[in-house]
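File shown: upload.txt. Contents: compact mmCIF, C-alpha atoms.
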```
# COMPACT_ATOMS: atom_id res chain seq x y z
CA MET A 1 0.00 0.00 0.00
CA SER A 2 1.21 3.54 -0.65
CA ARG A 3 2.11 5.94 2.12
CA LEU A 4 -1.37 6.75 3.34
CA ILE A 5 -1.95 8.80 6.45
CA ALA A 6 -3.38 6.92 9.44
CA HIS A 7 -3.99 7.89 13.05
CA LEU A 8 -2.76 5.72 15.90
CA SER A 9 -4.01 6.03 19.47
CA ARG A 10 -2.55 4.50 22.59
CA ARG A 11 -3.84 4.59 26.18
CA TYR A 12 -1.64 4.76 29.27
CA ARG A 13 -2.53 4.75 32.95
CA PHE A 14 -1.00 6.28 36.04
CA SER A 15 -2.12 6.92 39.58
CA ALA A 16 -1.29 10.19 41.27
CA SER A 17 -2.42 12.51 44.01
CA HIS A 18 -3.06 16.23 43.84
CA ARG A 19 -4.75 19.14 45.55
CA LEU A 20 -6.41 22.08 43.84
CA HIS A 21 -5.30 25.19 45.69
CA VAL A 22 -4.17 28.68 44.69
CA ASP A 23 -2.05 30.68 47.14
CA THR A 24 -3.41 34.02 45.96
CA LEU A 25 -6.94 33.09 47.05
CA SER A 26 -8.09 33.05 50.69
CA PRO A 27 -8.82 29.70 52.36
CA GLU A 28 -12.55 30.44 51.98
CA GLN A 29 -12.17 31.33 48.29
CA ASN A 30 -10.16 28.16 47.70
CA ARG A 31 -12.86 26.03 49.36
CA GLU A 32 -15.54 27.85 47.42
CA THR A 33 -13.71 27.46 44.08
CA PHE A 34 -12.35 23.94 44.39
CA GLY A 35 -14.74 22.25 46.85
CA LYS A 36 -13.62 18.76 47.90
CA CYS A 37 -10.57 19.05 45.66
CA ASN A 38 -9.17 21.66 48.09
CA ASN A 39 -8.87 19.11 50.94
CA PRO A 40 -5.51 20.05 52.54
CA PHE A 41 -4.21 16.49 52.51
CA GLY A 42 -4.93 15.96 48.84
CA HIS A 43 -6.65 13.09 47.06
CA GLY A 44 -5.88 10.96 44.02
CA HIS A 45 -7.04 9.49 40.74
CA ASN A 46 -6.33 6.69 38.33
CA TYR A 47 -5.63 8.81 35.28
CA VAL A 48 -5.98 7.46 31.74
CA VAL A 49 -4.00 9.29 29.06
CA GLN A 50 -4.91 8.63 25.44
CA VAL A 51 -2.50 10.06 22.88
CA THR A 52 -3.22 10.19 19.14
CA PHE A 53 -0.53 10.50 16.50
CA SER A 54 -0.79 10.80 12.72
CA GLY A 55 1.66 10.02 10.00
CA PRO A 56 2.30 8.08 6.82
CA VAL A 57 2.12 4.30 7.12
CA ASP A 58 5.64 3.06 6.44
CA PRO A 59 5.38 0.40 3.71
CA ALA A 60 8.24 -1.59 5.25
CA THR A 61 6.63 -1.92 8.68
CA GLY A 62 2.95 -1.15 8.10
CA MET A 63 3.19 1.30 10.98
CA VAL A 64 2.74 5.01 11.70
CA THR A 65 5.23 4.52 14.51
CA ASN A 66 6.68 1.51 16.26
CA LEU A 67 4.72 0.95 19.47
CA SER A 68 7.82 -0.16 21.34
CA ASP A 69 9.34 3.28 20.64
CA LEU A 70 6.15 5.04 21.76
CA ASP A 71 5.76 2.89 24.90
CA SER A 72 9.38 3.45 25.83
CA PHE A 73 8.98 7.22 25.32
CA ALA A 74 5.79 7.24 27.42
CA GLN A 75 7.47 5.27 30.19
CA HIS A 76 10.54 7.49 30.40
CA GLU A 77 8.98 10.88 29.73
CA MET A 78 5.59 10.57 31.42
CA LEU A 79 4.95 7.48 33.56
CA ASN A 80 8.26 7.60 35.45
CA LEU A 81 7.45 11.20 36.39
CA PHE A 82 3.74 11.01 37.23
CA ASP A 83 2.96 7.46 38.39
CA HIS A 84 2.54 7.22 42.16
CA ALA A 85 3.58 10.84 42.59
CA ASN A 86 1.97 13.90 44.13
CA LEU A 87 1.45 16.17 41.12
CA ASN A 88 1.66 19.33 43.23
CA THR A 89 5.28 18.53 44.16
CA LEU A 90 6.41 18.28 40.52
CA GLU A 91 8.06 21.13 38.66
CA PRO A 92 5.24 21.81 36.16
CA PHE A 93 2.75 22.37 39.00
CA LEU A 94 4.86 24.44 41.40
CA ASP A 95 3.43 27.65 39.91
CA CYS A 96 0.26 26.30 38.36
CA VAL A 97 -2.75 24.51 39.81
CA SER A 98 -2.79 20.78 39.07
CA THR A 99 -6.13 20.64 37.30
CA THR A 100 -6.51 18.06 34.56
CA GLU A 101 -6.70 20.96 32.08
CA ASN A 102 -3.18 22.03 33.10
CA LEU A 103 -2.06 18.39 33.20
CA SER A 104 -3.30 18.05 29.59
CA VAL A 105 -1.17 21.00 28.53
CA GLU A 106 1.90 19.49 30.24
CA ILE A 107 1.31 16.07 28.67
CA TRP A 108 0.85 17.74 25.27
CA ARG A 109 4.24 19.43 25.80
CA ILE A 110 5.83 16.07 26.65
CA PHE A 111 4.45 14.07 23.69
CA SER A 112 4.88 16.91 21.17
CA SER A 113 8.61 16.17 21.30
CA TYR A 114 8.08 12.52 20.26
CA PRO A 115 10.20 12.37 17.13
CA HIS A 116 8.49 9.67 15.02
CA ALA A 117 4.92 10.93 14.39
CA LYS A 118 2.78 14.05 14.66
CA LEU A 119 0.83 14.53 17.89
CA GLU A 120 -2.83 15.24 17.11
CA ARG A 121 -4.67 14.95 20.40
CA VAL A 122 -4.20 14.36 24.13
CA HIS A 123 -7.26 12.98 25.89
CA ILE A 124 -7.17 12.51 29.66
CA GLU A 125 -9.76 10.73 31.77
CA GLU A 126 -9.40 11.91 35.36
CA THR A 127 -12.29 9.70 36.42
CA ALA A 128 -14.74 7.64 34.40
CA LYS A 129 -16.99 10.73 34.31
CA ASN A 130 -14.50 13.55 33.65
CA SER A 131 -12.36 13.78 30.55
CA PHE A 132 -10.34 16.54 28.92
CA ASP A 133 -8.96 17.00 25.41
CA THR A 134 -6.29 19.24 24.02
CA PHE A 135 -5.27 19.68 20.40
CA GLY A 136 -2.18 21.79 21.03
CA GLY A 137 -3.82 25.20 21.10
CA GLY A 138 -5.57 24.81 17.77
CA ALA A 139 -9.27 24.37 17.28
CA PRO A 140 -10.62 20.91 18.07
CA SER A 141 -10.54 18.73 14.99
CA HIS A 142 -13.87 17.47 13.68
CA ARG A 143 -12.32 14.06 14.01
CA MET L 144 -24.61 16.49 8.95
CA ILE L 145 -24.77 13.59 11.36
CA LEU L 146 -22.15 10.93 12.07
CA LEU L 147 -23.41 7.42 12.69
CA THR L 148 -21.22 4.61 14.04
CA ARG L 149 -21.73 0.87 13.97
CA LYS L 150 -19.51 -1.56 15.89
CA ALA L 151 -18.56 -5.12 15.02
CA ASP L 152 -16.12 -7.65 16.46
CA PHE L 153 -13.85 -10.23 14.92
CA SER L 154 -11.14 -12.48 16.29
CA ALA L 155 -8.16 -13.28 14.13
CA ALA L 156 -4.54 -14.40 14.11
CA HIS L 157 -1.61 -12.54 12.56
CA PHE L 158 2.12 -11.89 12.71
CA TYR L 159 4.42 -9.15 11.45
CA TRP L 160 7.12 -10.04 8.95
CA ASN L 161 8.88 -8.17 6.18
CA PRO L 162 10.28 -10.76 3.74
CA ALA L 163 12.87 -8.25 2.48
CA TRP L 164 14.56 -8.32 5.89
CA SER L 165 16.65 -10.89 7.76
CA GLU L 166 15.18 -12.87 10.64
CA GLU L 167 17.25 -10.76 13.07
CA GLU L 168 15.96 -7.50 11.58
CA ASN L 169 12.34 -8.69 11.73
CA GLU L 170 12.78 -9.66 15.37
CA ARG L 171 14.49 -6.39 16.21
CA VAL L 172 11.74 -4.25 14.66
CA PHE L 173 8.64 -6.33 15.40
CA GLY L 174 9.63 -8.07 18.65
CA LYS L 175 7.14 -10.69 19.81
CA CYS L 176 4.88 -9.87 16.83
CA ALA L 177 7.45 -11.48 14.50
CA ASN L 178 6.70 -14.99 15.81
CA ARG L 179 5.71 -16.73 12.57
CA GLN L 180 3.43 -19.18 14.35
CA GLY L 181 1.21 -16.14 14.79
CA HIS L 182 -0.79 -14.80 17.72
CA GLY L 183 -4.28 -13.35 17.92
CA HIS L 184 -6.57 -10.58 19.10
CA ASN L 185 -10.21 -9.79 19.64
CA TYR L 186 -10.56 -6.84 17.32
CA THR L 187 -13.31 -4.26 17.58
CA LEU L 188 -14.27 -2.40 14.44
CA GLU L 189 -16.11 0.93 14.45
CA VAL L 190 -17.44 2.14 11.12
CA THR L 191 -18.59 5.77 11.04
CA VAL L 192 -20.66 7.15 8.17
CA GLU L 193 -21.82 10.70 7.58
CA GLY L 194 -24.88 12.06 5.92
CA ALA L 195 -28.03 14.11 6.18
CA ILE L 196 -31.12 12.91 8.00
CA ASP L 197 -33.71 11.56 5.58
CA PRO L 198 -36.90 13.57 6.28
CA VAL L 199 -39.13 10.52 5.83
CA SER L 200 -37.27 7.78 7.69
CA GLY L 201 -35.35 9.99 10.15
CA PHE L 202 -32.27 7.89 9.32
CA VAL L 203 -28.82 8.94 8.11
CA GLY L 204 -28.34 5.42 6.83
CA ASP L 205 -30.08 2.15 7.38
CA LEU L 206 -28.26 0.59 10.36
CA LYS L 207 -29.41 -2.89 9.42
CA GLN L 208 -28.00 -2.44 5.93
CA LEU L 209 -24.72 -1.10 7.38
CA LYS L 210 -24.54 -4.09 9.73
CA ASP L 211 -25.11 -6.48 6.81
CA ILE L 212 -22.42 -4.81 4.67
CA ILE L 213 -19.88 -4.96 7.52
CA GLU L 214 -20.75 -8.62 8.10
CA ARG L 215 -20.49 -9.52 4.41
CA GLU L 216 -17.42 -7.47 3.46
CA VAL L 217 -15.33 -7.73 6.64
CA VAL L 218 -16.46 -10.02 9.45
CA SER L 219 -17.21 -13.03 7.29
CA VAL L 220 -13.75 -12.68 5.70
CA TYR L 221 -11.67 -11.83 8.80
CA ASP L 222 -13.38 -13.58 11.73
CA HIS L 223 -11.60 -16.71 13.04
CA ARG L 224 -9.06 -16.48 10.24
CA HIS L 225 -5.31 -16.08 10.02
CA LEU L 226 -4.98 -12.66 8.38
CA ASN L 227 -1.54 -13.32 6.82
CA HIS L 228 -2.53 -16.67 5.31
CA GLU L 229 -6.23 -16.40 4.57
CA VAL L 230 -7.07 -12.77 3.74
CA PRO L 231 -5.85 -11.76 0.27
CA GLU L 232 -4.81 -8.14 1.02
CA PHE L 233 -2.39 -9.33 3.70
CA ALA L 234 -0.51 -11.75 1.47
CA THR L 235 1.78 -8.86 0.58
CA THR L 236 0.93 -6.25 3.24
CA ILE L 237 1.77 -6.55 6.94
CA PRO L 238 -1.49 -6.80 8.93
CA THR L 239 -0.74 -4.02 11.42
CA THR L 240 -3.67 -2.20 12.98
CA GLU L 241 -3.00 0.72 10.61
CA ASN L 242 -3.08 -1.51 7.52
CA ILE L 243 -6.18 -3.36 8.74
CA ALA L 244 -7.99 0.01 9.05
CA ILE L 245 -6.92 0.94 5.49
CA ALA L 246 -7.95 -2.47 4.11
CA ILE L 247 -11.37 -2.30 5.78
CA TRP L 248 -11.87 1.23 4.38
CA ARG L 249 -11.17 -0.15 0.89
CA ARG L 250 -13.58 -3.04 1.44
CA LEU L 251 -16.42 -0.75 2.56
CA ASN L 252 -15.91 2.44 0.55
CA GLY L 253 -18.52 2.86 -2.16
CA LYS L 254 -20.72 0.04 -0.91
CA ILE L 255 -22.80 2.00 1.60
CA GLU L 256 -25.95 3.57 0.15
CA HIS L 257 -27.18 7.04 1.16
CA ALA L 258 -24.23 7.79 3.44
CA LYS L 259 -20.54 8.53 3.02
CA LEU L 260 -17.84 6.58 4.81
CA HIS L 261 -16.23 8.95 7.34
CA ARG L 262 -13.90 6.88 9.50
CA VAL L 263 -12.77 3.31 10.07
CA ARG L 264 -11.47 2.67 13.59
CA VAL L 265 -9.90 -0.67 14.48
CA TYR L 266 -9.13 -1.59 18.08
CA GLU L 267 -6.52 -4.33 18.35
CA MET L 268 -6.88 -4.06 22.13
CA PRO L 269 -8.79 -1.61 24.32
CA ASP L 270 -5.59 0.43 24.71
CA LEU L 271 -4.53 0.51 21.06
CA PHE L 272 -6.45 1.59 17.99
CA ALA L 273 -5.92 3.02 14.51
CA ASP L 274 -8.15 5.42 12.54
CA PHE L 275 -8.30 5.88 8.78
CA TYR L 276 -10.21 8.74 7.12
CA GLY L 277 -9.65 7.86 3.47
CA GLU L 278 -7.05 7.90 0.76
CA GLY L 279 -7.03 11.70 0.39
CA ALA L 280 -7.10 12.51 4.11
```

Once more with this new file: its structure as structure tokens, please.
Amino acid sequence: MSRLIAHLSRRYRFSASHRLHVDTLSPEQNRETFGKCNNPFGHGHNYVVQVTFSGPVDPATGMVTNLSDLDSFAQHEMLNLFDHANLNTLEPFLDCVSTTENLSVEIWRIFSSYPHAKLERVHIEETAKNSFDTFGGGAPSHR
Amino acid sequence: MILLTRKADFSAAHFYWNPAWSEEENERVFGKCANRQGHGHNYTLEVTVEGAIDPVSGFVGDLKQLKDIIEREVVSVYDHRHLNHEVPEFATTIPTTENIAIAIWRRLNGKIEHAKLHRVRVYEMPDLFADFYGEGA
């Protein structure tokens, strides 16, 4: 087959704790804004991160990208950092509240440097009911 | 315009092998998937079509007809088969998830009445899937 463009999506999981709190707000404002998520001791989630890449299908391998390369990248660049960690203690969240929106932006930054395919979408499920998507600052694709 | 998606399942065996390469190169690139005895998956197929709502029927496309086309063109050919050995398009093309999505697009495109094929999504596992939006996409 010729070099047609396909999209490949892979899901990863990590468990982490966080607390939604902003120092510039009063304790009452923090409780009012973030509710249960402002609990001083924090809480945690089993996060699911789904990344989508596009690219030409290499005729020699039949692949957009080799999954072993992508899994290795995800392990070293994302899972080793976030799994079983407190997000608020990590560098990206020292000056920014650890909402899943901000986590999406950070995970977009991480996977946008993957060298073998073009990042199209980062989708994060914080719980089974809450999910977030980022397309790298552009408008959401109709896809 | 409305998008309508129908799911189907098939279970099949496959392996990854490029005959232009040495055994060592195949094993280096494809890892466990290069085992020529094959291995298998429960695949899930999602076929999405797009179209306008028919004012009489209220349908974009006839779901029963779409189900029958998927069954005839894909499931009856792929299900409980060895993709490399028994499905013609994979005699010369490696049956990766990407290539399976492309092959299913080619099997379905042009055969669905009243609606246009929008996307073929193939899940090899719940945590891995490929999408194909057509030859010009």

Counting only C-alpha atoms, which residues of chain L fall within 9 Å of chain A, and what is the closest atom pair for each with its distance in Å at one decimal, ordered by chain and rising number, as JSON lines?
```
{"residue": "L:Tyr159", "atom": "CA", "partner": "A:Thr61", "partner_atom": "CA", "distance": 8.1}
{"residue": "L:Trp160", "atom": "CA", "partner": "A:Thr61", "partner_atom": "CA", "distance": 8.1}
{"residue": "L:Asn161", "atom": "CA", "partner": "A:Ala60", "partner_atom": "CA", "distance": 6.7}
{"residue": "L:Ala163", "atom": "CA", "partner": "A:Ala60", "partner_atom": "CA", "distance": 8.6}
{"residue": "L:Val172", "atom": "CA", "partner": "A:Asn66", "partner_atom": "CA", "distance": 7.8}
{"residue": "L:Phe173", "atom": "CA", "partner": "A:Asn66", "partner_atom": "CA", "distance": 8.1}
{"residue": "L:Gly174", "atom": "CA", "partner": "A:Ser68", "partner_atom": "CA", "distance": 8.5}
{"residue": "L:Thr236", "atom": "CA", "partner": "A:Met1", "partner_atom": "CA", "distance": 7.1}
{"residue": "L:Ile237", "atom": "CA", "partner": "A:Gly62", "partner_atom": "CA", "distance": 5.6}
{"residue": "L:Pro238", "atom": "CA", "partner": "A:Gly62", "partner_atom": "CA", "distance": 7.2}
{"residue": "L:Thr239", "atom": "CA", "partner": "A:Gly62", "partner_atom": "CA", "distance": 5.7}
{"residue": "L:Thr240", "atom": "CA", "partner": "A:Met63", "partner_atom": "CA", "distance": 8.0}
{"residue": "L:Glu241", "atom": "CA", "partner": "A:Met63", "partner_atom": "CA", "distance": 6.2}
{"residue": "L:Asn242", "atom": "CA", "partner": "A:Gly62", "partner_atom": "CA", "distance": 6.1}
{"residue": "L:Ala244", "atom": "CA", "partner": "A:Ala6", "partner_atom": "CA", "distance": 8.3}
{"residue": "L:Ile245", "atom": "CA", "partner": "A:Ala6", "partner_atom": "CA", "distance": 8.0}
{"residue": "L:Arg262", "atom": "CA", "partner": "A:Arg143", "partner_atom": "CA", "distance": 8.6}
{"residue": "L:Pro269", "atom": "CA", "partner": "A:Arg11", "partner_atom": "CA", "distance": 8.1}
{"residue": "L:Asp270", "atom": "CA", "partner": "A:Arg11", "partner_atom": "CA", "distance": 4.7}
{"residue": "L:Leu271", "atom": "CA", "partner": "A:Arg10", "partner_atom": "CA", "distance": 4.7}
{"residue": "L:Phe272", "atom": "CA", "partner": "A:Ser9", "partner_atom": "CA", "distance": 5.3}
{"residue": "L:Ala273", "atom": "CA", "partner": "A:Leu8", "partner_atom": "CA", "distance": 4.4}
{"residue": "L:Asp274", "atom": "CA", "partner": "A:His7", "partner_atom": "CA", "distance": 4.9}
{"residue": "L:Phe275", "atom": "CA", "partner": "A:Ala6", "partner_atom": "CA", "distance": 5.1}
{"residue": "L:Tyr276", "atom": "CA", "partner": "A:Ala6", "partner_atom": "CA", "distance": 7.4}
{"residue": "L:Gly277", "atom": "CA", "partner": "A:Ile5", "partner_atom": "CA", "distance": 8.3}
{"residue": "L:Glu278", "atom": "CA", "partner": "A:Leu4", "partner_atom": "CA", "distance": 6.3}
{"residue": "L:Gly279", "atom": "CA", "partner": "A:Leu4", "partner_atom": "CA", "distance": 8.1}
{"residue": "L:Ala280", "atom": "CA", "partner": "A:Ile5", "partner_atom": "CA", "distance": 6.8}
```

Quick one: pull the distance between CA of His76 (chain A) and CA of Tyr114 (chain A), Å, one decimal.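 Separation of CA of His76 (chain A) and CA of Tyr114 (chain A): 11.6 Å.
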
Taking (-23.6, 6.9, 1.3) in the coordinates of the supplied file, I want to know which residues reach to within 8 Å of it, counting all atoms listed in the file; could you give the answer as a list in words? Val192, Glu193, Gly194, Gly204, Gly253, Lys254, Ile255, Glu256, His257, Ala258, Lys259 and Leu260 of chain L

Just need the box for region 168-186 of chain L, edges along x, y and z, holding every atom the file lists for it with 5 Å tacked onto each side, so centre and edge lengths in Å to one decimal, as JSON.
```
{"center_x": 2.7, "center_y": -11.7, "center_z": 15.7, "size_x": 36.5, "size_y": 24.9, "size_z": 18.2}
```

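The list of residues with at least one atom within 12 Å of Glu214 (chain L), based on all atoms listed in the file and without residues fewer than 3 positions apart in the same chain, reads Arg149, Lys150, Ala151, Asp152, Phe153, Leu188, Val190, Lys207, Gln208, Leu209, Lys210, Asp211, Val217, Val218, Ser219, Val220, Tyr221, Asp222, Ile247, Arg250 and Leu251 of chain L.
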
Write a file of the just-selected residues containing C-alpha atoms, as a short mmCIF file (atom, residue, chain, number, x, y, z; two decimals), in the frame of the given file.
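What landed in again14.cif:
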```
data_model
loop_
_atom_site.label_atom_id
_atom_site.label_comp_id
_atom_site.auth_asym_id
_atom_site.auth_seq_id
_atom_site.Cartn_x
_atom_site.Cartn_y
_atom_site.Cartn_z
CA ARG L 149 -21.73 0.87 13.97
CA LYS L 150 -19.51 -1.56 15.89
CA ALA L 151 -18.56 -5.12 15.02
CA ASP L 152 -16.12 -7.65 16.46
CA PHE L 153 -13.85 -10.23 14.92
CA LEU L 188 -14.27 -2.40 14.44
CA VAL L 190 -17.44 2.14 11.12
CA LYS L 207 -29.41 -2.89 9.42
CA GLN L 208 -28.00 -2.44 5.93
CA LEU L 209 -24.72 -1.10 7.38
CA LYS L 210 -24.54 -4.09 9.73
CA ASP L 211 -25.11 -6.48 6.81
CA VAL L 217 -15.33 -7.73 6.64
CA VAL L 218 -16.46 -10.02 9.45
CA SER L 219 -17.21 -13.03 7.29
CA VAL L 220 -13.75 -12.68 5.70
CA TYR L 221 -11.67 -11.83 8.80
CA ASP L 222 -13.38 -13.58 11.73
CA ILE L 247 -11.37 -2.30 5.78
CA ARG L 250 -13.58 -3.04 1.44
CA LEU L 251 -16.42 -0.75 2.56
#
```

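Within 12 Å of the file-frame point (-15.1, 8.5, 32.1), and using all atoms listed in the file, the polymer residues found are A:His45, A:Asn46, A:Tyr47, A:Val48, A:Val49, A:His123, A:Ile124, A:Glu125, A:Glu126, A:Thr127, A:Ala128, A:Lys129, A:Asn130, A:Ser131, A:Phe132.
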
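Between CA of Gln180 (chain L) and CA of Phe158 (chain L) lies a distance of 7.6 Å.
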
So that I can check the surroundings of Asn88 (chain A), please list as a PyMOL selection string every protein, DNA and RNA residue that reaches within 10 Å of it, counting all atoms listed in the file and ignoring chain neighbours fewer than 5 positions away. chain A and resi 16-21+42+93-99

Quick one: distance from CA of Phe82 (chain A) to CA of Ile110 (chain A) in Å, one decimal?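 Atom-to-atom, CA of Phe82 (chain A) and CA of Ile110 (chain A) are spaced 11.9 Å apart.
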
Between L:Ala177, L:Leu226, L:Leu146, L:Ile243, which is the closest to Val265 (chain L) once you count all atoms listed in the file?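 Selected residue with least distance to Val265 (chain L): L:Ile243.
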
Among the residues L:Ser200, L:Thr235, L:Asn178, L:Ser154, the one that comes closest to His223 (chain L) [using only C-alpha atoms]: L:Ser154
